[in-house]
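J.: First the structure, then my questions, so here it is.
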Amino acid sequence: MNVTVIINGSRKLSSAAKLALKLLNAVPELDVLQIYTEGPKHATFLAIQHAEKTDCIVAIGGDGTCNEVVQGIVGSGADVRFGLIPNGTGNDFLRMLDTFDPTTFVQNVRDNRSSFIDIGKVTLDGNVRYFANIADVGFGAKVVELMNAQRKVPLSGKLSYSLAIIRAFFAYKKQRVRLIGDDFEYEGKVLLVAFCNGSTFGHGLTIHPDARLNNGKICIAVIGDVSLFTYFKKLKDLKRGRKIQHQEAFYFESKSIKVNTMGAQMEMEGDGELFGQGIQEVEILPERICLISSI
């Protein structure tokens with residue numbers, strides 16, 4: 001079996017990632033090719049380049065690396081299995097799965113233990129982007145935008161994230177959004193709208209507890225016209241995996257959602273990567289990727 005390992009070249013490997021890589025290379029049945037990324041979006045290029053030539057693509061990195069590889073796999077149209085070895089700051093996508101164990105992961109690769117998962121698809125200004133976990137507009141996207149602007153400053157991932165939250169607290173202004181789903185409509189000012197394939201973002205915040213990677217739906221969490229102070233007071237609920245109980249907190253499900261950002265264009269982020277502006281539609285692609293894991 002051919003296995004292509006795409007490694008985020010900008011981060012040092014953790015001990016768990018090093019062990020998983022060592023174990024992969026030690027399996028006689030596996031022909032392992034290791035490639036290090038050289039910059040942003042390179043993982044997507046590599047995934048497209050190798051998707052037709054390999055049986056399995058394994059990403060080593062965080063949510064951003066995962067997203068880049070997913071862009072490449074889905075964009076290529078290839079039928080290739082996907083695995084993820086966590087080596088990032090948040091690793092929110094993997095919170096939906098069993099605790100990562102290098103030995104178990106390598107056994108799953110060798111024995112082809114895998115499950116199909118859904119993938120989210122976003123159409124914005126004629127472009128298409130994909131996400132494995134969560135995409136959102138509003139406050140969360142503003143945080144990612146500010147984090148990207150801070151990359152030239154030598155800060156750790158957690159410190160940069162905390163600083164971006166503080167800056168977004170003062171910089172973000174709520175905007176009006178209209179959403180039309182399969183059986184719901186919403187219009188109003190929003191602090192954030194999260195389109196969830198997975199349940200957890202923002203380093204462990206469960207924004208939609210009902211979200212599952214294989215239920216064929218996008219779960220939508222709308223935090224409406226509330227103050228940032230109120231939102232931060234409610235974070236304890238998200239950390240405990242509970243829905244926010246507030247008259248401006250709404251939860252929906254749909255296979256597709258039409259989106260109209262009314263007024264100034266809003267940035268969208270997915271899996272910690274900026275997607276851009278002009279969001280038009282979010283939809284689910286059922287069972288689009290075969291993930292090396294069990295869910």
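By order in the structure tokens, chains are A, B, ...; within a chain, residues start at 1; ligands start at 1, following the order shown.
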For A:Pro209, please output as number ranges by chain all residues within 6 Å (counting only C-alpha atoms; exclusion window: fewer than 2 positions along the same chain).
T.: A: 199, 206, 211, 241
J.: Write out as a list in words each polymer residue whose atoms come within 6 Å of A:Asn91, counting only C-alpha atoms; drop sequence neighbours fewer than 2 positions from it.
T.: Gly62, Asp63, Gly88, Phe93 and Leu94 of chain A
J.: Please write the residues from the selection above to a file, keeping all heavy atoms, as a PDB file, in the first residue's frame.
T.:
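Once written, selection04.pdb looks like this:
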```pdb
ATOM      1  N   GLY A  62      -1.872  20.724  12.152  1.00  0.00           N
ATOM      2  CA  GLY A  62      -3.065  21.102  12.877  1.00  0.00           C
ATOM      3  C   GLY A  62      -4.272  21.195  11.967  1.00  0.00           C
ATOM      4  O   GLY A  62      -4.292  20.628  10.863  1.00  0.00           O
ATOM      5  N   ASP A  63      -5.271  21.943  12.411  1.00  0.00           N
ATOM      6  CA  ASP A  63      -6.507  22.064  11.645  1.00  0.00           C
ATOM      7  C   ASP A  63      -6.272  22.712  10.282  1.00  0.00           C
ATOM      8  O   ASP A  63      -6.927  22.357   9.303  1.00  0.00           O
ATOM      9  CB  ASP A  63      -7.529  22.880  12.440  1.00  0.00           C
ATOM     10  CG  ASP A  63      -8.006  22.142  13.683  1.00  0.00           C
ATOM     11  OD1 ASP A  63      -8.291  20.940  13.582  1.00  0.00           O
ATOM     12  OD2 ASP A  63      -8.089  22.767  14.759  1.00  0.00           O
ATOM     13  N   GLY A  88      -0.683  20.291  15.845  1.00  0.00           N
ATOM     14  CA  GLY A  88      -1.016  21.709  15.791  1.00  0.00           C
ATOM     15  C   GLY A  88      -1.310  22.265  17.165  1.00  0.00           C
ATOM     16  O   GLY A  88      -1.063  21.616  18.184  1.00  0.00           O
ATOM     17  N   PHE A  93     -10.528  19.412  15.041  1.00  0.00           N
ATOM     18  CA  PHE A  93     -11.185  18.385  14.240  1.00  0.00           C
ATOM     19  C   PHE A  93     -11.087  17.016  14.905  1.00  0.00           C
ATOM     20  O   PHE A  93     -12.063  16.257  14.964  1.00  0.00           O
ATOM     21  CB  PHE A  93     -10.575  18.338  12.838  1.00  0.00           C
ATOM     22  CG  PHE A  93     -11.089  17.215  11.984  1.00  0.00           C
ATOM     23  CD1 PHE A  93     -12.392  17.218  11.522  1.00  0.00           C
ATOM     24  CD2 PHE A  93     -10.275  16.145  11.647  1.00  0.00           C
ATOM     25  CE1 PHE A  93     -12.884  16.178  10.734  1.00  0.00           C
ATOM     26  CE2 PHE A  93     -10.743  15.106  10.862  1.00  0.00           C
ATOM     27  CZ  PHE A  93     -12.054  15.126  10.408  1.00  0.00           C
ATOM     28  N   LEU A  94      -9.917  16.703  15.454  1.00  0.00           N
ATOM     29  CA  LEU A  94      -9.699  15.383  16.035  1.00  0.00           C
ATOM     30  C   LEU A  94     -10.444  15.191  17.353  1.00  0.00           C
ATOM     31  O   LEU A  94     -10.527  14.067  17.861  1.00  0.00           O
ATOM     32  CB  LEU A  94      -8.208  15.133  16.245  1.00  0.00           C
ATOM     33  CG  LEU A  94      -7.423  14.716  14.996  1.00  0.00           C
ATOM     34  CD1 LEU A  94      -5.960  14.543  15.309  1.00  0.00           C
ATOM     35  CD2 LEU A  94      -7.988  13.436  14.407  1.00  0.00           C
TER      36      LEU A  94
END
```
J.: Fewer than 6 positions away in the same chain doesn't count, so skip those; otherwise give me all residues within 12 Å of A:Val70, counting only C-alpha atoms, as a PyMOL selection string.
T.: chain A and resi 6+41+43-48+51+57-59+63-64+76-78+80-84+117-121+129-133+270-271+288-291
J.: How would you write, as a PDB file with C-alpha atoms, in the first residue's frame, the set of residues in stretch 196-283 of chain A that DSSP gives as strand (DSSP E)?
T.:
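Heads up, here's the output in result_1.pdb:
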```pdb
ATOM      1  CA  CYS A 196     -20.808  22.765  11.630  1.00  0.00           C
ATOM      2  CA  THR A 200     -15.868  21.924  18.232  1.00  0.00           C
ATOM      3  CA  PHE A 201     -13.762  24.950  17.294  1.00  0.00           C
ATOM      4  CA  LEU A 205     -15.394  25.188  22.348  1.00  0.00           C
ATOM      5  CA  THR A 206     -18.368  22.974  21.461  1.00  0.00           C
ATOM      6  CA  ILE A 218     -24.813  20.906   8.359  1.00  0.00           C
ATOM      7  CA  CYS A 219     -25.630  21.972  11.914  1.00  0.00           C
ATOM      8  CA  ILE A 220     -25.916  25.749  12.223  1.00  0.00           C
ATOM      9  CA  ALA A 221     -25.288  27.722  15.409  1.00  0.00           C
ATOM     10  CA  VAL A 222     -26.367  31.381  15.301  1.00  0.00           C
ATOM     11  CA  ILE A 223     -25.261  33.689  18.081  1.00  0.00           C
ATOM     12  CA  ALA A 249     -28.926  31.784  20.419  1.00  0.00           C
ATOM     13  CA  PHE A 250     -30.435  29.605  17.682  1.00  0.00           C
ATOM     14  CA  TYR A 251     -29.642  26.089  16.457  1.00  0.00           C
ATOM     15  CA  PHE A 252     -30.685  24.640  13.092  1.00  0.00           C
ATOM     16  CA  GLU A 253     -29.930  21.725  10.760  1.00  0.00           C
ATOM     17  CA  SER A 254     -30.006  21.630   6.965  1.00  0.00           C
ATOM     18  CA  SER A 256     -27.853  23.318   2.342  1.00  0.00           C
ATOM     19  CA  ILE A 257     -28.115  26.943   3.421  1.00  0.00           C
ATOM     20  CA  LYS A 258     -28.385  30.041   1.255  1.00  0.00           C
ATOM     21  CA  VAL A 259     -26.515  32.948   2.831  1.00  0.00           C
ATOM     22  CA  ASN A 260     -26.917  36.673   2.263  1.00  0.00           C
ATOM     23  CA  THR A 261     -24.627  38.968   4.224  1.00  0.00           C
ATOM     24  CA  MET A 262     -26.582  42.213   4.181  1.00  0.00           C
ATOM     25  CA  MET A 268     -15.514  33.544   6.241  1.00  0.00           C
ATOM     26  CA  GLU A 269     -13.088  31.081   7.766  1.00  0.00           C
ATOM     27  CA  GLY A 270     -13.070  27.314   7.662  1.00  0.00           C
ATOM     28  CA  GLU A 273      -8.200  29.167   7.287  1.00  0.00           C
ATOM     29  CA  LEU A 274      -9.631  32.330   5.706  1.00  0.00           C
ATOM     30  CA  PHE A 275     -11.916  31.494   2.767  1.00  0.00           C
ATOM     31  CA  GLY A 276     -12.687  35.065   1.672  1.00  0.00           C
ATOM     32  CA  ILE A 279     -20.452  33.760   0.803  1.00  0.00           C
ATOM     33  CA  GLN A 280     -23.483  32.472  -1.106  1.00  0.00           C
ATOM     34  CA  GLU A 281     -24.194  28.900  -0.018  1.00  0.00           C
ATOM     35  CA  VAL A 282     -23.067  26.220   2.411  1.00  0.00           C
ATOM     36  CA  GLU A 283     -23.946  22.581   1.775  1.00  0.00           C
TER      37      GLU A 283
END
```
J.: Please extract the residues of stretch 20-191 of chain A with a backbone DSSP assignment of alpha helix (DSSP H) and present them as a PyMOL selection string.
T.: chain A and resi 20-26+42-50+63-76+102-111+139-149+157-171
J.: Write out as a PyMOL selection string each polymer residue whose atoms come within 8 Å of A:Ala168, counting only C-alpha atoms; drop sequence neighbours fewer than 5 positions from it.
T.: chain A and resi 139+142-143+146
J.: Counting only C-alpha atoms, which residue out of A:Lys233, A:Lys217, A:Arg95, A:Arg242 sits closest to A:Lys255?
T.: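 Selected residue with least distance to A:Lys255: A:Lys217.
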J.: Which is closest to A:Lys174 among A:Gly272, A:Gly204, A:Pro286, A:Gly140, if we use only C-alpha atoms?
T.: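 Counting only C-alpha atoms, the residue closest to A:Lys174 is A:Gly140.
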J.: Take atom CA of A:Leu191 and atom CA of A:Gly216 and report the distance between them in Å, one decimal.
T.: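 Interatomic distance here is 26.2 Å.
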J.: Which is closest to A:Gly138 among A:Glu38, A:Asp225, A:Asp182, A:Asp101, if we use only C-alpha atoms?
T.: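 Of A:Glu38, A:Asp225, A:Asp182, A:Asp101, the one nearest A:Gly138, counting only C-alpha atoms, is A:Asp225.
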J.: With distances taken over only C-alpha atoms, which residue among A:His42, A:Ala164, A:Ala20, A:Thr104 lies nearest A:Pro86?
T.: A:Ala20
J.: Would you please work out which residue, of A:Arg167, A:Lys53, A:Arg178, A:Lys243, is nearest to A:Asp79 when using only C-alpha atoms?
T.: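 With only C-alpha atoms as the atom set, the closest residue is A:Lys53.
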J.: I'd like the contact shell of A:Glu29 - 8 Å cut-off, only C-alpha atoms, skipping same-chain residues fewer than 2 positions apart - returned as a PDB file with N, CA, C and O atoms, in the first residue's frame.
T.:
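Wrote part13.pdb, looks like this:
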```pdb
ATOM      1  N   MET A   1       0.846  -1.190   0.000  1.00  0.00           N
ATOM      2  CA  MET A   1       0.000   0.000   0.000  1.00  0.00           C
ATOM      3  C   MET A   1       0.888   1.249   0.000  1.00  0.00           C
ATOM      4  O   MET A   1       1.827   1.356   0.783  1.00  0.00           O
ATOM      5  N   VAL A  27       6.412  -0.445   8.977  1.00  0.00           N
ATOM      6  CA  VAL A  27       5.468  -1.477   8.530  1.00  0.00           C
ATOM      7  C   VAL A  27       5.875  -1.962   7.140  1.00  0.00           C
ATOM      8  O   VAL A  27       5.887  -1.174   6.176  1.00  0.00           O
ATOM      9  N   ASP A  31       4.471   1.426   1.713  1.00  0.00           N
ATOM     10  CA  ASP A  31       5.501   2.175   0.986  1.00  0.00           C
ATOM     11  C   ASP A  31       5.247   3.652   1.269  1.00  0.00           C
ATOM     12  O   ASP A  31       4.329   4.265   0.708  1.00  0.00           O
ATOM     13  N   ARG A 110      -2.564   0.384   8.273  1.00  0.00           N
ATOM     14  CA  ARG A 110      -2.151  -0.919   7.717  1.00  0.00           C
ATOM     15  C   ARG A 110      -3.348  -1.795   7.385  1.00  0.00           C
ATOM     16  O   ARG A 110      -3.394  -2.446   6.331  1.00  0.00           O
TER      17      ARG A 110
END
```
J.: Please identify all polymer residues within 12 Å of A:Ser15, counting only C-alpha atoms, omitting same-chain residues fewer than 6 positions from it, and present them as a PDB file with all heavy atoms, in the first residue's frame.
T.:
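The resulting file, around-v2.pdb, is reproduced below:
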```pdb
ATOM      1  N   LEU A  21       5.204   8.520  12.860  1.00  0.00           N
ATOM      2  CA  LEU A  21       5.963   8.499  11.607  1.00  0.00           C
ATOM      3  C   LEU A  21       6.951   7.334  11.600  1.00  0.00           C
ATOM      4  O   LEU A  21       7.099   6.625  10.586  1.00  0.00           O
ATOM      5  CB  LEU A  21       6.681   9.832  11.440  1.00  0.00           C
ATOM      6  CG  LEU A  21       7.160  10.230  10.052  1.00  0.00           C
ATOM      7  CD1 LEU A  21       6.030  10.182   9.041  1.00  0.00           C
ATOM      8  CD2 LEU A  21       7.766  11.636  10.110  1.00  0.00           C
ATOM      9  N   LYS A  22       7.611   7.108  12.719  1.00  0.00           N
ATOM     10  CA  LYS A  22       8.555   5.991  12.838  1.00  0.00           C
ATOM     11  C   LYS A  22       7.843   4.654  12.655  1.00  0.00           C
ATOM     12  O   LYS A  22       8.324   3.767  11.928  1.00  0.00           O
ATOM     13  CB  LYS A  22       9.241   6.040  14.203  1.00  0.00           C
ATOM     14  CG  LYS A  22      10.239   4.914  14.444  1.00  0.00           C
ATOM     15  CD  LYS A  22      10.871   5.038  15.827  1.00  0.00           C
ATOM     16  CE  LYS A  22      11.836   3.888  16.105  1.00  0.00           C
ATOM     17  NZ  LYS A  22      12.446   4.006  17.461  1.00  0.00           N
ATOM     18  N   ILE A  85      -2.466  12.985  11.639  1.00  0.00           N
ATOM     19  CA  ILE A  85      -1.661  12.888  12.854  1.00  0.00           C
ATOM     20  C   ILE A  85      -1.581  14.289  13.447  1.00  0.00           C
ATOM     21  O   ILE A  85      -1.055  15.207  12.813  1.00  0.00           O
ATOM     22  CB  ILE A  85      -0.248  12.353  12.544  1.00  0.00           C
ATOM     23  CG1 ILE A  85      -0.337  10.920  12.006  1.00  0.00           C
ATOM     24  CG2 ILE A  85       0.631  12.403  13.788  1.00  0.00           C
ATOM     25  CD1 ILE A  85       0.990  10.369  11.495  1.00  0.00           C
ATOM     26  N   PRO A  86      -2.116  14.516  14.645  1.00  0.00           N
ATOM     27  CA  PRO A  86      -2.193  15.880  15.181  1.00  0.00           C
ATOM     28  C   PRO A  86      -0.822  16.442  15.548  1.00  0.00           C
ATOM     29  O   PRO A  86      -0.028  15.792  16.219  1.00  0.00           O
ATOM     30  CB  PRO A  86      -3.071  15.721  16.423  1.00  0.00           C
ATOM     31  CG  PRO A  86      -2.884  14.296  16.847  1.00  0.00           C
ATOM     32  CD  PRO A  86      -2.697  13.523  15.570  1.00  0.00           C
ATOM     33  N   ASN A  87      -0.569  17.664  15.073  1.00  0.00           N
ATOM     34  CA  ASN A  87       0.682  18.337  15.419  1.00  0.00           C
ATOM     35  C   ASN A  87       0.469  19.853  15.325  1.00  0.00           C
ATOM     36  O   ASN A  87       1.291  20.581  14.788  1.00  0.00           O
ATOM     37  CB  ASN A  87       1.813  17.902  14.479  1.00  0.00           C
ATOM     38  CG  ASN A  87       3.182  18.291  15.010  1.00  0.00           C
ATOM     39  OD1 ASN A  87       3.511  17.969  16.151  1.00  0.00           O
ATOM     40  ND2 ASN A  87       3.964  18.989  14.205  1.00  0.00           N
ATOM     41  N   ASP A 101      -3.759   7.788  19.285  1.00  0.00           N
ATOM     42  CA  ASP A 101      -2.711   6.890  19.771  1.00  0.00           C
ATOM     43  C   ASP A 101      -1.884   6.450  18.566  1.00  0.00           C
ATOM     44  O   ASP A 101      -2.427   5.880  17.604  1.00  0.00           O
ATOM     45  CB  ASP A 101      -3.330   5.658  20.444  1.00  0.00           C
ATOM     46  CG  ASP A 101      -2.277   4.643  20.846  1.00  0.00           C
ATOM     47  OD1 ASP A 101      -1.544   4.894  21.815  1.00  0.00           O
ATOM     48  OD2 ASP A 101      -2.174   3.594  20.154  1.00  0.00           O
ATOM     49  N   PRO A 102      -0.574   6.722  18.547  1.00  0.00           N
ATOM     50  CA  PRO A 102       0.252   6.414  17.367  1.00  0.00           C
ATOM     51  C   PRO A 102       0.183   4.956  16.927  1.00  0.00           C
ATOM     52  O   PRO A 102       0.065   4.666  15.731  1.00  0.00           O
ATOM     53  CB  PRO A 102       1.661   6.794  17.827  1.00  0.00           C
ATOM     54  CG  PRO A 102       1.458   7.837  18.875  1.00  0.00           C
ATOM     55  CD  PRO A 102       0.203   7.425  19.588  1.00  0.00           C
TER      56      PRO A 102
END
```
J.: Find the residue from A:Leu235, A:Ile134, A:Phe169, A:Val144 that sits nearest to A:Val193; use only C-alpha atoms when measuring.
T.: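 The shortest atom-to-atom distance to A:Val193 comes from A:Ile134.
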J.: Work out how far atom CA of A:Lys239 is from atom CA of A:Ser293, in Å to one decimal.
T.: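 Answer for the atom CA of A:Ser293 to atom CA of A:Lys239 separation: 24.5 Å.
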